[in-house]
>>> print(open('data-v6.cif').read())   # mmCIF, C-alpha atoms
data_protein
loop_
_atom_site.label_atom_id
_atom_site.label_comp_id
_atom_site.auth_asym_id
_atom_site.auth_seq_id
_atom_site.Cartn_x
_atom_site.Cartn_y
_atom_site.Cartn_z
CA MET A 1 -19.47 229.49 108.42
CA ASP A 2 -16.01 229.45 109.94
CA HIS A 3 -15.28 232.16 112.50
CA THR A 4 -11.76 231.14 113.37
CA SER A 5 -8.61 233.16 113.22
CA PRO A 6 -4.99 232.33 112.98
CA GLU A 7 -4.60 229.48 115.42
CA THR A 8 -1.55 228.30 117.21
CA SER A 9 -1.18 224.64 117.98
CA SER A 10 -0.20 225.48 121.55
CA PHE A 11 -3.32 227.62 122.21
CA VAL A 12 -5.98 225.22 123.47
CA LEU A 13 -9.43 225.44 125.05
CA ILE A 14 -11.02 222.66 127.10
CA SER A 15 -14.04 222.11 129.33
CA SER A 16 -14.69 219.40 131.91
CA ALA A 17 -18.44 219.93 131.65
CA THR A 18 -18.64 219.65 127.88
CA PRO A 19 -15.73 217.71 126.37
CA PRO A 20 -14.85 218.60 122.78
CA GLY A 21 -16.75 216.54 120.23
CA GLU A 22 -19.25 215.29 122.80
CA GLU A 23 -22.85 216.22 123.50
CA VAL A 24 -23.44 219.48 125.35
CA ALA A 25 -23.74 218.66 129.05
CA PRO A 26 -27.31 218.67 130.40
CA GLN A 27 -26.50 221.49 132.84
CA GLN A 28 -25.61 223.77 129.88
CA LEU A 29 -29.04 223.33 128.25
CA VAL A 30 -31.86 225.83 128.74
CA GLU A 31 -34.33 225.01 131.48
CA ALA A 32 -37.06 224.18 128.91
CA LEU A 33 -34.91 221.17 127.92
CA GLY A 34 -34.32 220.13 131.54
CA GLY A 35 -31.02 221.98 131.90
CA GLU A 36 -29.71 224.54 134.34
CA ASN A 37 -28.68 227.08 131.67
CA LEU A 38 -25.14 227.30 133.05
CA SER A 39 -22.19 228.30 130.91
CA PRO A 40 -19.59 225.51 130.81
CA ASP A 41 -16.34 225.72 132.71
CA LEU A 42 -13.60 226.76 130.29
CA ARG A 43 -9.83 226.49 130.64
CA TRP A 44 -7.24 227.67 128.16
CA SER A 45 -3.49 227.71 127.83
CA GLY A 46 -0.81 228.62 125.32
CA ALA A 47 -2.05 232.09 124.40
CA PRO A 48 0.30 233.90 122.03
CA GLU A 49 2.78 236.54 123.08
CA GLY A 50 1.21 239.97 123.12
CA THR A 51 -2.14 238.82 124.53
CA ARG A 52 -3.57 241.60 126.68
CA SER A 53 -7.12 240.26 127.16
CA PHE A 54 -9.47 237.48 126.10
CA ALA A 55 -12.97 237.12 124.74
CA VAL A 56 -15.20 234.04 124.79
CA THR A 57 -17.95 233.14 122.33
CA CYS A 58 -20.47 230.36 121.81
CA TYR A 59 -22.02 230.07 118.36
CA ASP A 60 -24.47 227.67 116.72
CA PRO A 61 -23.81 227.71 112.95
CA ASP A 62 -26.70 225.28 112.35
CA ALA A 63 -29.53 227.48 113.65
CA PRO A 64 -32.15 228.00 110.93
CA THR A 65 -31.68 231.77 110.81
CA GLY A 66 -29.47 232.20 107.75
CA SER A 67 -26.71 233.53 109.99
CA GLY A 68 -26.46 231.11 112.90
CA PHE A 69 -27.21 231.91 116.54
CA TRP A 70 -24.96 233.54 119.15
CA HIS A 71 -25.40 232.05 122.63
CA TRP A 72 -22.60 233.96 124.36
CA VAL A 73 -20.25 236.86 123.63
CA ALA A 74 -18.04 237.93 126.55
CA TRP A 75 -14.93 240.11 126.48
CA ASP A 76 -12.47 242.25 128.45
CA ILE A 77 -11.34 239.14 130.32
CA PRO A 78 -7.95 240.07 131.84
CA ALA A 79 -4.84 238.54 130.26
CA ALA A 80 -3.87 236.80 133.51
CA THR A 81 -7.12 234.80 133.40
CA THR A 82 -6.85 231.22 132.12
CA SER A 83 -10.28 229.88 133.03
CA LEU A 84 -13.92 230.67 133.61
CA PRO A 85 -15.96 228.69 136.13
CA LEU A 86 -19.12 226.74 135.52
CA GLY A 87 -22.07 229.13 135.45
CA VAL A 88 -20.63 232.60 134.88
CA ALA A 89 -23.23 235.00 136.27
CA ARG A 90 -24.95 237.38 133.88
CA ASP A 91 -23.78 240.28 136.06
CA ASP A 92 -20.20 239.03 136.67
CA ALA A 93 -18.15 242.23 136.97
CA SER A 94 -14.88 240.55 135.89
CA LEU A 95 -15.91 240.68 132.21
CA LEU A 96 -18.40 242.27 129.84
CA GLN A 97 -21.20 240.21 128.28
CA ALA A 98 -23.45 241.24 125.41
CA ARG A 99 -27.08 240.34 124.95
CA ASN A 100 -27.17 237.04 123.10
CA ASP A 101 -29.59 236.13 120.31
CA PHE A 102 -32.20 235.19 122.93
CA GLY A 103 -32.03 238.85 124.01
CA ASN A 104 -30.47 238.11 127.41
CA PRO A 105 -27.12 239.30 128.75
CA GLY A 106 -24.55 236.54 129.16
CA TYR A 107 -24.88 232.85 128.33
CA ASP A 108 -27.99 230.95 127.32
CA GLY A 109 -27.65 227.32 126.37
CA PRO A 110 -28.81 225.24 123.45
CA GLU A 111 -32.49 225.11 122.57
CA PRO A 112 -32.51 223.90 118.96
CA PRO A 113 -35.65 222.92 117.12
CA ALA A 114 -36.34 219.21 116.69
CA GLY A 115 -34.34 217.72 113.85
CA PRO A 116 -30.71 217.24 112.93
CA PRO A 117 -27.95 217.85 115.50
CA HIS A 118 -26.66 221.36 116.02
CA ARG A 119 -23.00 222.21 116.60
CA TYR A 120 -22.01 224.59 119.39
CA GLN A 121 -18.64 226.23 118.85
CA PHE A 122 -17.03 227.46 122.05
CA SER A 123 -14.04 229.72 121.43
CA VAL A 124 -11.55 231.79 123.37
CA HIS A 125 -9.97 234.66 121.49
CA ALA A 126 -6.58 236.18 122.42
CA LEU A 127 -6.64 239.94 121.93
CA PRO A 128 -3.80 242.50 121.71
CA VAL A 129 -5.75 245.13 123.69
CA PRO A 130 -6.69 245.25 127.39
CA THR A 131 -10.21 246.36 126.51
CA LEU A 132 -12.25 246.27 123.31
CA GLY A 133 -13.78 249.66 124.05
CA VAL A 134 -17.24 248.19 123.42
CA SER A 135 -20.05 248.65 125.92
CA ALA A 136 -22.04 245.64 127.16
CA ASP A 137 -25.13 247.58 126.03
CA SER A 138 -23.92 247.49 122.41
CA PRO A 139 -25.30 244.84 120.07
CA HIS A 140 -23.08 241.76 120.13
CA ILE A 141 -22.11 242.40 116.50
CA ALA A 142 -20.06 245.39 117.72
CA ALA A 143 -18.11 243.21 120.14
CA ARG A 144 -17.75 240.41 117.59
CA PHE A 145 -16.43 242.83 114.97
CA ALA A 146 -13.83 244.13 117.43
CA ILE A 147 -12.90 240.57 118.48
CA PHE A 148 -12.61 239.02 115.04
CA SER A 149 -10.85 242.00 113.43
CA GLN A 150 -8.13 242.19 116.12
CA GLN A 151 -7.60 238.70 117.54
CA LEU A 152 -4.10 237.32 117.65
CA ALA A 153 -5.38 233.73 117.73
CA SER A 154 -8.34 231.65 118.80
CA ALA A 155 -8.79 228.22 120.30
CA SER A 156 -12.08 226.36 119.92
CA PHE A 157 -13.93 223.15 120.47
CA THR A 158 -17.27 222.02 119.16
CA ALA A 159 -19.95 220.10 121.04
CA ARG A 160 -23.34 219.07 119.71
CA TYR A 161 -26.95 218.72 120.79
CA GLN A 162 -30.04 217.33 119.11
CA VAL A 163 -33.71 217.40 119.96
CA MET A 164 -35.31 214.31 118.51
CA GLU A 165 -38.48 214.75 116.47
#
>>> encode(input="data-v6.cif", output="structure tokens")
Amino acid sequence: MDHTSPETSSFVLISSATPPGEEVAPQQLVEALGGENLSPDLRWSGAPEGTRSFAVTCYDPDAPTGSGFWHWVAWDIPAATTSLPLGVARDDASLLQARNDFGNPGYDGPEPPAGPPHRYQFSVHALPVPTLGVSADSPHIAARFAIFSQQLASASFTARYQVME
């Protein structure tokens, strides 16, 4: 399932903790897998003209749910922001974060079942509005609908993780 939007070649997203195409860094994994459950540092540049805020998502399209698994949905990140630090707190007041598919607010890292590798798609979405008008108490589908139906562009990278059988 592809959740991308119009992309501009100058709009890019990178992370020092989890380089694109590499394995998810151990510190991003859930504690049950020996991780620290910290969101990766993210940096972006080249957002399109008209960007008034950003949203960030992390999605596992390989989760055996029939619809993937959402690890992080955050929005209302001010347009002047070009990065998020390692380990964004669940109660960080500089953005709104929905409950993920684990049922927790904010980021929770990979915890796939044993078997084939899973892909984790980290994306930043440029939005033409300063706020989505969606409460953090709303189901993340409400925020995702607002993000994907309005975004000017997105920039993404994919990392992977596998639990061996």
>>> closest_atom_pairs(input="data-v6.cif", of="segment 72-122 of chain A", to="segment 29-35 of chain A", cutoff="7 Å", atoms="all atoms listed in the file", output="tab-separated table")
residue	atom	partner	partner_atom	distance
A:Asp108	CA	A:Val30	CA	6.6
A:Gly109	CA	A:Leu29	CA	4.6
A:Pro110	CA	A:Leu29	CA	5.2
A:Glu111	CA	A:Val30	CA	6.2
>>> closest_residue(input="data-v6.cif", among="A:Thr18, A:Ala143, A:Tyr59, A:Phe11", to="Gly46 of chain A", atoms="all atoms listed in the file")
A:Phe11
>>> resolve_selection(input="data-v6.cif", expression="the PyMOL selection byres ((chain A and resi 126) around 8)", output="MDAnalysis selection string")
chainID A and resid 47:48 51:55 124:125 127:128 151:154
>>> atom_distance(input="data-v6.cif", atom1="atom CA of Met164 of chain A", atom2="atom CA of Gly66 of chain A")
21.7 Å
>>> closest_residue(input="data-v6.cif", among="A:Leu42, A:Leu96, A:Asp137, A:Ser16", to="Thr82 of chain A", atoms="all atoms listed in the file")
A:Leu42
>>> closest_residue(input="data-v6.cif", among="A:Asn104, A:Thr57, A:Ser10, A:Gln162", to="Asp91 of chain A", atoms="only C-alpha atoms")
A:Asn104
>>> axis_aligned_box(input="data-v6.cif", around="segment 55-71 of chain A", padding_each_side="8 Å", output="AutoDock Vina command-line options")
--center_x -22.6 --center_y 231.2 --center_z 116.3 --size_x 35.2 --size_y 27.8 --size_z 33.0
>>> closest_residue(input="data-v6.cif", among="A:Val163, A:Ala74, A:Ile14, A:Cys58", to="Pro113 of chain A", atoms="only C-alpha atoms")
A:Val163
>>> resolve_selection(input="data-v6.cif", expression="the PyMOL selection byres ((chain A and resi 70) around 6)", output="list in words")
Tyr59, Phe69, His71, Trp72, Asn100 and Asp101 of chain A
>>> closest_residue(input="data-v6.cif", among="A:Ala93, A:Val73, A:Ala136, A:Ala79", to="Gln121 of chain A", atoms="all atoms listed in the file")
A:Val73
>>> atom_distance(input="data-v6.cif", atom1="atom CA of Arg119 of chain A", atom2="atom CA of Arg160 of chain A")
4.4 Å
>>> atom_distance(input="data-v6.cif", atom1="atom CA of Gly106 of chain A", atom2="atom CA of Val24 of chain A")
17.5 Å
>>> decode(input="data-v6.cif", residues="segment 76-96 of chain A", atoms="N, CA and C atoms", output="PDB file, in the first residue's frame")
ATOM      1  N   ASP A  76       0.571  19.171  13.308  1.00  0.00           N
ATOM      2  CA  ASP A  76       0.613  20.555  13.797  1.00  0.00           C
ATOM      3  C   ASP A  76       2.031  20.953  14.201  1.00  0.00           C
ATOM      4  N   ILE A  77       2.998  20.453  13.445  1.00  0.00           N
ATOM      5  CA  ILE A  77       4.396  20.834  13.629  1.00  0.00           C
ATOM      6  C   ILE A  77       4.584  22.148  12.865  1.00  0.00           C
ATOM      7  N   PRO A  78       5.004  23.217  13.530  1.00  0.00           N
ATOM      8  CA  PRO A  78       5.096  24.526  12.881  1.00  0.00           C
ATOM      9  C   PRO A  78       5.965  24.519  11.618  1.00  0.00           C
ATOM     10  N   ALA A  79       5.590  25.359  10.661  1.00  0.00           N
ATOM     11  CA  ALA A  79       6.277  25.415   9.366  1.00  0.00           C
ATOM     12  C   ALA A  79       7.756  25.772   9.477  1.00  0.00           C
ATOM     13  N   ALA A  80       8.146  26.482  10.518  1.00  0.00           N
ATOM     14  CA  ALA A  80       9.556  26.854  10.684  1.00  0.00           C
ATOM     15  C   ALA A  80      10.405  25.685  11.175  1.00  0.00           C
ATOM     16  N   THR A  81       9.777  24.598  11.571  1.00  0.00           N
ATOM     17  CA  THR A  81      10.483  23.426  12.088  1.00  0.00           C
ATOM     18  C   THR A  81      11.054  22.617  10.934  1.00  0.00           C
ATOM     19  N   THR A  82      12.310  22.193  11.063  1.00  0.00           N
ATOM     20  CA  THR A  82      12.933  21.365  10.023  1.00  0.00           C
ATOM     21  C   THR A  82      13.538  20.098  10.608  1.00  0.00           C
ATOM     22  N   SER A  83      13.231  19.815  11.871  1.00  0.00           N
ATOM     23  CA  SER A  83      13.772  18.589  12.465  1.00  0.00           C
ATOM     24  C   SER A  83      12.997  18.238  13.732  1.00  0.00           C
ATOM     25  N   LEU A  84      13.082  16.966  14.073  1.00  0.00           N
ATOM     26  CA  LEU A  84      12.601  16.484  15.366  1.00  0.00           C
ATOM     27  C   LEU A  84      13.757  15.726  16.000  1.00  0.00           C
ATOM     28  N   PRO A  85      13.953  15.874  17.300  1.00  0.00           N
ATOM     29  CA  PRO A  85      15.072  15.212  17.960  1.00  0.00           C
ATOM     30  C   PRO A  85      14.817  13.731  18.194  1.00  0.00           C
ATOM     31  N   LEU A  86      15.842  13.026  18.528  1.00  0.00           N
ATOM     32  CA  LEU A  86      15.734  11.640  18.958  1.00  0.00           C
ATOM     33  C   LEU A  86      14.837  11.596  20.186  1.00  0.00           C
ATOM     34  N   GLY A  87      13.861  10.699  20.198  1.00  0.00           N
ATOM     35  CA  GLY A  87      13.044  10.499  21.384  1.00  0.00           C
ATOM     36  C   GLY A  87      12.050  11.601  21.687  1.00  0.00           C
ATOM     37  N   VAL A  88      11.198  11.951  20.731  1.00  0.00           N
ATOM     38  CA  VAL A  88      10.145  12.936  20.996  1.00  0.00           C
ATOM     39  C   VAL A  88       9.257  12.387  22.115  1.00  0.00           C
ATOM     40  N   ALA A  89       9.063  13.170  23.147  1.00  0.00           N
ATOM     41  CA  ALA A  89       8.252  12.743  24.290  1.00  0.00           C
ATOM     42  C   ALA A  89       6.788  12.596  23.894  1.00  0.00           C
ATOM     43  N   ARG A  90       6.115  11.655  24.530  1.00  0.00           N
ATOM     44  CA  ARG A  90       4.696  11.437  24.246  1.00  0.00           C
ATOM     45  C   ARG A  90       3.854  12.670  24.574  1.00  0.00           C
ATOM     46  N   ASP A  91       4.321  13.499  25.493  1.00  0.00           N
ATOM     47  CA  ASP A  91       3.574  14.691  25.897  1.00  0.00           C
ATOM     48  C   ASP A  91       4.216  15.986  25.396  1.00  0.00           C
ATOM     49  N   ASP A  92       5.043  15.898  24.348  1.00  0.00           N
ATOM     50  CA  ASP A  92       5.694  17.082  23.777  1.00  0.00           C
ATOM     51  C   ASP A  92       4.619  18.071  23.316  1.00  0.00           C
ATOM     52  N   ALA A  93       4.631  19.256  23.875  1.00  0.00           N
ATOM     53  CA  ALA A  93       3.596  20.254  23.583  1.00  0.00           C
ATOM     54  C   ALA A  93       3.799  20.972  22.253  1.00  0.00           C
ATOM     55  N   SER A  94       4.927  20.726  21.562  1.00  0.00           N
ATOM     56  CA  SER A  94       5.184  21.428  20.303  1.00  0.00           C
ATOM     57  C   SER A  94       4.477  20.791  19.110  1.00  0.00           C
ATOM     58  N   LEU A  95       3.767  19.674  19.339  1.00  0.00           N
ATOM     59  CA  LEU A  95       3.041  18.995  18.272  1.00  0.00           C
ATOM     60  C   LEU A  95       1.942  18.155  18.890  1.00  0.00           C
ATOM     61  N   LEU A  96       1.046  17.663  18.050  1.00  0.00           N
ATOM     62  CA  LEU A  96      -0.002  16.756  18.514  1.00  0.00           C
ATOM     63  C   LEU A  96       0.346  15.350  18.046  1.00  0.00           C
TER      64      LEU A  96
END
